[in-house]
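*Asks:* Contents of final39.txt (compact mmCIF, C-alpha atoms and all ligand atoms):
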# COMPACT_ATOMS: atom_id res chain seq x y z
CA MET A 1 1.96 15.70 10.10
CA SER A 2 4.62 13.13 9.36
CA LEU A 3 3.42 9.55 9.86
CA HIS A 4 5.67 6.86 11.26
CA LEU A 5 5.40 3.09 11.19
CA GLY A 6 3.16 1.92 14.02
CA ASP A 7 1.18 5.19 14.16
CA ILE A 8 -2.59 4.96 13.83
CA ALA A 9 -3.50 6.00 10.28
CA PRO A 10 -5.51 9.19 10.91
CA ASN A 11 -9.22 8.99 10.22
CA PHE A 12 -10.92 11.42 7.83
CA THR A 13 -14.15 11.96 5.95
CA ALA A 14 -13.74 12.55 2.23
CA GLU A 15 -15.59 12.72 -1.06
CA THR A 16 -14.64 9.87 -3.34
CA THR A 17 -15.71 8.61 -6.74
CA GLN A 18 -17.77 6.01 -4.85
CA GLY A 19 -19.45 8.47 -2.45
CA THR A 20 -18.54 10.07 0.86
CA ILE A 21 -16.54 7.83 3.16
CA ASP A 22 -15.38 7.79 6.75
CA PHE A 23 -11.98 6.21 6.21
CA HIS A 24 -11.89 3.95 9.27
CA ALA A 25 -15.49 2.81 8.72
CA TRP A 26 -14.78 2.14 5.01
CA LYS A 27 -11.64 0.20 5.87
CA GLY A 28 -13.10 -1.83 8.73
CA ASP A 29 -10.69 -4.50 9.93
CA ALA A 30 -9.25 -5.18 6.46
CA TRP A 31 -5.76 -4.37 5.27
CA ALA A 32 -5.69 -1.21 3.15
CA VAL A 33 -3.50 0.63 0.68
CA LEU A 34 -3.90 4.41 0.49
CA PHE A 35 -1.93 5.97 -2.34
CA SER A 36 -1.71 9.44 -3.82
CA HIS A 37 -1.27 10.80 -7.35
CA PRO A 38 0.12 14.21 -8.16
CA LYS A 39 -2.60 15.21 -10.60
CA ASP A 40 -5.41 13.99 -12.85
CA PHE A 41 -4.80 13.67 -16.62
CA THR A 42 -1.09 13.04 -16.21
CA PRO A 43 0.67 10.22 -18.04
CA VAL A 44 2.46 8.26 -15.31
CA CYS A 45 -0.59 8.42 -13.03
CA THR A 46 -2.78 7.12 -15.87
CA THR A 47 -0.61 4.01 -16.18
CA GLU A 48 -0.51 3.53 -12.39
CA LEU A 49 -4.27 3.63 -11.91
CA GLY A 50 -4.82 1.22 -14.80
CA MET A 51 -2.26 -1.16 -13.29
CA VAL A 52 -3.86 -1.08 -9.83
CA ALA A 53 -7.27 -1.76 -11.43
CA LYS A 54 -5.77 -4.74 -13.26
CA LEU A 55 -4.18 -6.06 -10.04
CA MET A 56 -7.37 -5.64 -7.97
CA PRO A 57 -8.03 -9.42 -7.82
CA GLU A 58 -4.56 -9.80 -6.26
CA PHE A 59 -5.34 -7.17 -3.62
CA GLN A 60 -8.70 -8.86 -2.95
CA LYS A 61 -7.02 -12.26 -2.52
CA ARG A 62 -4.99 -10.62 0.25
CA GLY A 63 -8.07 -9.12 1.94
CA THR A 64 -6.79 -5.66 1.08
CA LYS A 65 -8.88 -2.61 0.16
CA VAL A 66 -7.36 0.04 -2.09
CA ILE A 67 -8.10 3.75 -2.22
CA GLY A 68 -6.43 6.43 -4.35
CA LEU A 69 -6.20 10.18 -3.86
CA SER A 70 -5.51 13.21 -5.94
CA VAL A 71 -6.07 16.87 -5.31
CA ASP A 72 -8.46 17.27 -8.24
CA ARG A 73 -12.25 17.19 -7.99
CA ILE A 74 -14.69 14.29 -8.38
CA ALA A 75 -15.92 15.45 -11.81
CA SER A 76 -12.31 15.51 -13.02
CA HIS A 77 -11.58 12.04 -11.56
CA LEU A 78 -14.66 10.58 -13.26
CA THR A 79 -13.78 12.06 -16.65
CA TRP A 80 -10.17 10.91 -16.31
CA GLU A 81 -11.29 7.39 -15.40
CA LYS A 82 -12.84 7.08 -18.87
CA ASP A 83 -9.41 7.81 -20.37
CA ILE A 84 -7.76 5.29 -18.04
CA ALA A 85 -10.18 2.54 -19.10
CA GLU A 86 -9.67 3.43 -22.77
CA VAL A 87 -5.88 3.62 -22.65
CA THR A 88 -5.06 0.75 -20.27
CA GLY A 89 -8.07 -1.50 -20.85
CA ASN A 90 -8.74 -1.51 -17.09
CA ALA A 91 -11.69 0.32 -15.56
CA VAL A 92 -10.82 1.92 -12.22
CA ASN A 93 -12.49 -0.34 -9.67
CA PHE A 94 -11.60 1.36 -6.40
CA PRO A 95 -12.55 4.72 -4.87
CA MET A 96 -10.53 7.83 -5.67
CA ILE A 97 -10.53 10.59 -3.07
CA ALA A 98 -10.99 14.16 -4.31
CA ASP A 99 -8.88 16.38 -2.08
CA PRO A 100 -8.99 19.91 -3.53
CA GLU A 101 -8.61 21.47 -0.06
CA ARG A 102 -5.55 19.21 0.63
CA THR A 103 -7.18 18.04 3.88
CA VAL A 104 -6.16 14.38 3.58
CA SER A 105 -2.94 15.28 1.73
CA ASN A 106 -1.81 17.41 4.67
CA LEU A 107 -2.98 14.89 7.26
CA TYR A 108 -0.79 12.25 5.60
CA ASP A 109 2.07 14.62 4.69
CA MET A 110 1.63 14.00 0.97
CA ILE A 111 2.59 17.55 -0.07
CA HIS A 112 6.35 18.06 -0.13
CA PRO A 113 6.78 21.78 -0.88
CA ASN A 114 10.28 21.41 -2.29
CA ALA A 115 8.86 19.03 -4.90
CA SER A 116 5.60 20.92 -5.46
CA ASP A 117 3.43 23.31 -3.42
CA THR A 118 0.25 22.14 -5.04
CA MET A 119 0.53 18.50 -6.09
CA THR A 120 0.98 15.47 -3.86
CA VAL A 121 4.03 13.26 -4.18
CA ARG A 122 3.44 9.56 -4.94
CA SER A 123 2.79 8.31 -1.42
CA VAL A 124 1.86 4.77 -0.45
CA PHE A 125 0.60 3.72 2.96
CA ILE A 126 -0.09 0.09 3.82
CA ILE A 127 -2.37 0.00 6.85
CA GLY A 128 -3.06 -3.11 8.92
CA PRO A 129 -6.31 -4.49 10.33
CA ASP A 130 -5.42 -2.63 13.58
CA ASN A 131 -5.40 0.67 11.60
CA LYS A 132 -1.67 1.04 12.22
CA VAL A 133 0.69 2.17 9.46
CA LYS A 134 2.79 -0.81 8.34
CA LEU A 135 4.64 0.75 5.39
CA THR A 136 5.22 4.20 3.96
CA LEU A 137 6.74 4.91 0.54
CA THR A 138 7.40 8.22 -1.18
CA TYR A 139 8.11 8.35 -4.90
CA PRO A 140 8.71 11.39 -7.08
CA ALA A 141 6.24 12.44 -9.77
CA SER A 142 8.59 11.19 -12.49
CA THR A 143 8.72 7.56 -11.33
CA GLY A 144 5.80 5.18 -11.61
CA ARG A 145 5.44 2.74 -8.73
CA ASN A 146 5.86 -1.03 -8.94
CA PHE A 147 2.59 -2.42 -7.59
CA ASP A 148 3.92 -5.98 -7.66
CA GLU A 149 6.29 -4.76 -4.95
CA ILE A 150 3.35 -3.42 -2.91
CA LEU A 151 1.70 -6.85 -3.17
CA ARG A 152 4.97 -8.53 -2.18
CA VAL A 153 5.21 -6.35 0.93
CA ILE A 154 1.61 -7.19 1.85
CA ASP A 155 2.49 -10.89 1.52
CA GLY A 156 5.48 -10.41 3.82
CA LEU A 157 3.53 -8.35 6.37
CA GLN A 158 0.69 -10.85 6.45
CA LEU A 159 3.10 -13.78 6.89
CA SER A 160 4.96 -12.00 9.73
CA ALA A 161 1.60 -11.23 11.37
CA LYS A 162 0.80 -14.97 11.43
CA PHE A 163 4.17 -16.55 12.20
CA PRO A 164 7.31 -15.44 14.10
CA VAL A 165 9.24 -14.88 10.87
CA SER A 166 10.64 -12.11 8.72
CA THR A 167 11.42 -12.16 5.02
CA PRO A 168 14.85 -11.87 3.38
CA ALA A 169 16.00 -9.59 0.58
CA ASN A 170 14.05 -10.06 -2.65
CA TRP A 171 11.82 -12.65 -0.97
CA ALA A 172 8.77 -13.73 -2.92
CA LYS A 173 5.70 -15.57 -1.64
CA GLY A 174 6.55 -19.25 -1.07
CA GLY A 175 10.27 -18.62 -0.56
CA ASP A 176 12.26 -19.48 2.56
CA VAL A 177 11.83 -17.10 5.49
CA ILE A 178 13.91 -16.04 8.49
CA VAL A 179 13.09 -17.23 12.00
CA ALA A 180 12.49 -14.35 14.44
CA THR A 181 15.68 -13.53 16.35
CA SER A 182 13.67 -13.65 19.60
CA MET A 183 13.12 -17.40 19.14
CA ALA A 184 15.63 -20.00 20.39
CA THR A 185 16.73 -22.46 17.69
CA SER A 186 15.37 -25.40 19.72
CA ASP A 187 11.95 -23.70 19.91
CA ALA A 188 12.14 -22.87 16.19
CA ARG A 189 12.76 -26.54 15.33
CA ALA A 190 9.58 -27.43 17.23
CA ALA A 191 7.56 -24.58 15.72
CA PHE A 192 8.68 -25.12 12.12
CA PRO A 193 8.41 -28.86 11.31
CA LYS A 194 9.64 -28.32 7.72
CA GLY A 195 13.10 -27.76 9.22
CA VAL A 196 15.36 -24.94 10.35
CA THR A 197 18.76 -24.19 8.85
CA GLU A 198 21.16 -22.32 11.11
CA LEU A 199 23.50 -20.27 8.91
CA LYS A 200 24.55 -18.17 11.91
CA PRO A 201 23.09 -18.15 15.42
CA TYR A 202 21.25 -14.95 14.42
CA LEU A 203 20.28 -16.12 10.90
CA ARG A 204 18.07 -19.20 10.82
CA THR A 205 15.89 -19.96 7.82
CA THR A 206 12.90 -22.22 7.32
CA PRO A 207 10.70 -23.04 4.35
CA SER A 208 7.58 -20.91 4.16
CA PRO A 209 5.30 -22.05 7.01
CA GLU A 210 2.19 -21.45 4.88
C1 LIG B 1 2.62 12.10 -14.40
O1 LIG B 1 3.05 11.80 -15.49
O2 LIG B 1 1.91 11.36 -13.74
C2 LIG B 1 2.93 13.49 -13.90
C3 LIG B 1 3.57 14.39 -14.71
C4 LIG B 1 3.86 15.65 -14.25
C5 LIG B 1 3.51 16.04 -12.99
C6 LIG B 1 2.87 15.13 -12.17
C7 LIG B 1 2.59 13.87 -12.62
Go ahead and render the structure in this file as structure tokens.
*Replies:*
Amino acid sequence: MSLHLGDIAPNFTAETTQGTIDFHAWKGDAWAVLFSHPKDFTPVCTTELGMVAKLMPEFQKRGTKVIGLSVDRIASHLTWEKDIAEVTGNAVNFPMIADPERTVSNLYDMIHPNASDTMTVRSVFIIGPDNKVKLTLTYPASTGRNFDEILRVIDGLQLSAKFPVSTPANWAKGGDVIVATSMATSDARAAFPKGVTELKPYLRTTPSPE
């Protein structure tokens, strides 16, 4: 099943390195990142998992739970995690789903047969407190993901959830934001006391309201 933005992230029960979980119960009303890895004991994946473990305090600051997935079994994940800690200096500090039957992989359309029949692609789903899919990303096996970018998107999503704003190209937390097009400039000036700059009637910016 192909998932679209705004769809409810499907629930599932799965074995993980931290025990059996019901995904929606595990997630609760937090933000969550679900991401897949093609295979255990592979080099790019090793660097990715170490990086996510290192960045865990950043995800926690954003009230975001993280869960990984690969099609290998729990025993394999646990042995691989020792390598990850040794090589990257970061112990994996989030659950890893074991999906040998491809149940979750198929539910989230993580197997792309023209890339591989057996391994998942590098999928990322950001899921909101309402369990709706807020972002999907698909990377090939050969390209490691930039998890600073995932954090940046979470910052943007969380800001847009709180204020009627969107974020411009290459925005970073603290930078100027764009006033929602649905808002009249006069209303925006009242709502954003730091000031509104009208570059075009459809492009008004304001300093970060946070
Ligand atoms: C990796 O380096 O993570 C990788 C290599 C080959 C296939 C899948 C993943």
*Asks:* Could you report the residues within 10 Å of ligand LIG 1 (chain B), using all atoms listed in the file, as a PyMOL selection string?
*Replies:* chain A and resi 37-48+116+119-122+140-144
*Asks:* Which residue is closest to Asp176 (chain A)? Choose from A:Asp117, A:Glu101, A:Glu210, A:Asp148 and count all atoms listed in the file.
*Replies:* A:Glu210
*Asks:* Can you list, as a PyMOL selection string, every protein, DNA or RNA residue that comes within 6 Å of Pro129 (chain A) when you count only C-alpha atoms, leaving out same-chain residues fewer than 4 positions away?
*Replies:* chain A and resi 29-31
*Asks:* Please compute the CA of Ala75 (chain A)-CA of Pro113 (chain A) distance, one decimal, in Å.
*Replies:*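 Calculated distance between CA of Ala75 (chain A) and CA of Pro113 (chain A) is 26.0 Å.
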*Asks:* Around the point (-4.7, 2.6, -13.3) (coordinates from the file), which residues reach within 9 Å if we count only C-alpha atoms? Answer as a list in words.
*Replies:*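 I get Cys45, Thr46, Thr47, Glu48, Leu49, Gly50, Met51, Val52, Ala53, Lys54, Glu81, Ile84, Ala85, Thr88, Asn90, Ala91 and Val92 of chain A for the residues within 9 Å of that point.
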*Asks:* Measuring atom to atom with all atoms listed in the file, identify which of A:Pro95, A:Pro57, A:Gly63, A:Gly174 is nearest to Ile21 (chain A).
*Replies:* A:Pro95
*Asks:* My list of candidates is A:Ala14, A:Val33, A:Ile127, A:Ala25. Which is closest to Arg73 (chain A) when distances are computed with only C-alpha atoms?
*Replies:*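 The closest residue to Arg73 (chain A) is A:Ala14.
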*Asks:* Would you mind putting back all heavy atoms on region 160-171 of chain A, then writing it out as a short mmCIF file (atom, residue, chain, number, x, y, z; two decimals), in the coordinates of the input?
*Replies:*
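And here is the file that came out, result-v2.cif:
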data_model
loop_
_atom_site.label_atom_id
_atom_site.label_comp_id
_atom_site.auth_asym_id
_atom_site.auth_seq_id
_atom_site.Cartn_x
_atom_site.Cartn_y
_atom_site.Cartn_z
N SER A 160 4.34 -12.35 8.43
CA SER A 160 4.96 -12.00 9.73
C SER A 160 3.90 -11.77 10.81
O SER A 160 4.21 -11.90 12.00
CB SER A 160 5.83 -10.75 9.58
OG SER A 160 6.90 -11.01 8.71
N ALA A 161 2.68 -11.40 10.39
CA ALA A 161 1.60 -11.23 11.37
C ALA A 161 1.12 -12.58 11.89
O ALA A 161 0.58 -12.68 12.98
CB ALA A 161 0.45 -10.43 10.76
N LYS A 162 1.31 -13.63 11.07
CA LYS A 162 0.80 -14.97 11.43
C LYS A 162 1.84 -15.85 12.10
O LYS A 162 1.51 -16.71 12.92
CB LYS A 162 0.34 -15.69 10.14
CG LYS A 162 -1.15 -15.63 9.95
CD LYS A 162 -1.69 -16.10 8.67
CE LYS A 162 -1.69 -17.47 8.17
NZ LYS A 162 -2.07 -17.51 6.74
N PHE A 163 3.09 -15.68 11.73
CA PHE A 163 4.17 -16.55 12.20
C PHE A 163 5.33 -15.68 12.69
O PHE A 163 5.52 -14.57 12.17
CB PHE A 163 4.68 -17.46 11.06
CG PHE A 163 3.62 -18.34 10.46
CD1 PHE A 163 2.98 -17.97 9.28
CD2 PHE A 163 3.26 -19.53 11.08
CE1 PHE A 163 2.01 -18.79 8.71
CE2 PHE A 163 2.28 -20.35 10.52
CZ PHE A 163 1.65 -19.97 9.34
N PRO A 164 6.15 -16.21 13.63
CA PRO A 164 7.31 -15.44 14.10
C PRO A 164 8.46 -15.50 13.09
O PRO A 164 9.50 -16.13 13.32
CB PRO A 164 7.65 -16.12 15.44
CG PRO A 164 7.18 -17.52 15.28
CD PRO A 164 5.99 -17.49 14.34
N VAL A 165 8.24 -14.86 11.95
CA VAL A 165 9.24 -14.88 10.87
C VAL A 165 9.36 -13.49 10.25
O VAL A 165 8.45 -12.67 10.36
CB VAL A 165 8.86 -15.88 9.74
CG1 VAL A 165 8.80 -17.31 10.27
CG2 VAL A 165 7.55 -15.50 9.05
N SER A 166 10.49 -13.28 9.58
CA SER A 166 10.64 -12.11 8.72
C SER A 166 11.08 -12.61 7.35
O SER A 166 11.34 -13.82 7.18
CB SER A 166 11.63 -11.11 9.32
OG SER A 166 12.80 -11.77 9.71
N THR A 167 11.18 -11.71 6.39
CA THR A 167 11.42 -12.16 5.02
C THR A 167 12.72 -11.55 4.49
O THR A 167 12.98 -10.37 4.69
CB THR A 167 10.23 -11.77 4.11
OG1 THR A 167 9.93 -10.39 4.30
CG2 THR A 167 9.01 -12.60 4.44
N PRO A 168 13.54 -12.36 3.83
CA PRO A 168 14.85 -11.87 3.38
C PRO A 168 14.76 -10.97 2.15
O PRO A 168 13.69 -10.82 1.55
CB PRO A 168 15.59 -13.17 3.05
CG PRO A 168 14.52 -14.13 2.67
CD PRO A 168 13.30 -13.77 3.48
N ALA A 169 15.92 -10.45 1.77
CA ALA A 169 16.00 -9.59 0.58
C ALA A 169 15.40 -10.30 -0.63
O ALA A 169 15.64 -11.50 -0.83
CB ALA A 169 17.47 -9.26 0.30
N ASN A 170 14.63 -9.57 -1.39
CA ASN A 170 14.05 -10.06 -2.65
C ASN A 170 13.17 -11.30 -2.47
O ASN A 170 12.92 -12.03 -3.43
CB ASN A 170 15.14 -10.35 -3.70
CG ASN A 170 15.70 -9.07 -4.28
OD1 ASN A 170 15.54 -8.00 -3.70
ND2 ASN A 170 16.35 -9.17 -5.41
N TRP A 171 12.72 -11.52 -1.24
CA TRP A 171 11.82 -12.65 -0.97
C TRP A 171 10.58 -12.54 -1.86
O TRP A 171 10.12 -11.44 -2.18
CB TRP A 171 11.40 -12.60 0.51
CG TRP A 171 10.37 -13.61 0.91
CD1 TRP A 171 10.59 -14.90 1.26
CD2 TRP A 171 8.96 -13.40 1.01
NE1 TRP A 171 9.39 -15.51 1.58
CE2 TRP A 171 8.38 -14.62 1.43
CE3 TRP A 171 8.12 -12.30 0.79
CZ2 TRP A 171 7.01 -14.77 1.63
CZ3 TRP A 171 6.76 -12.44 1.00
CH2 TRP A 171 6.22 -13.68 1.41
#
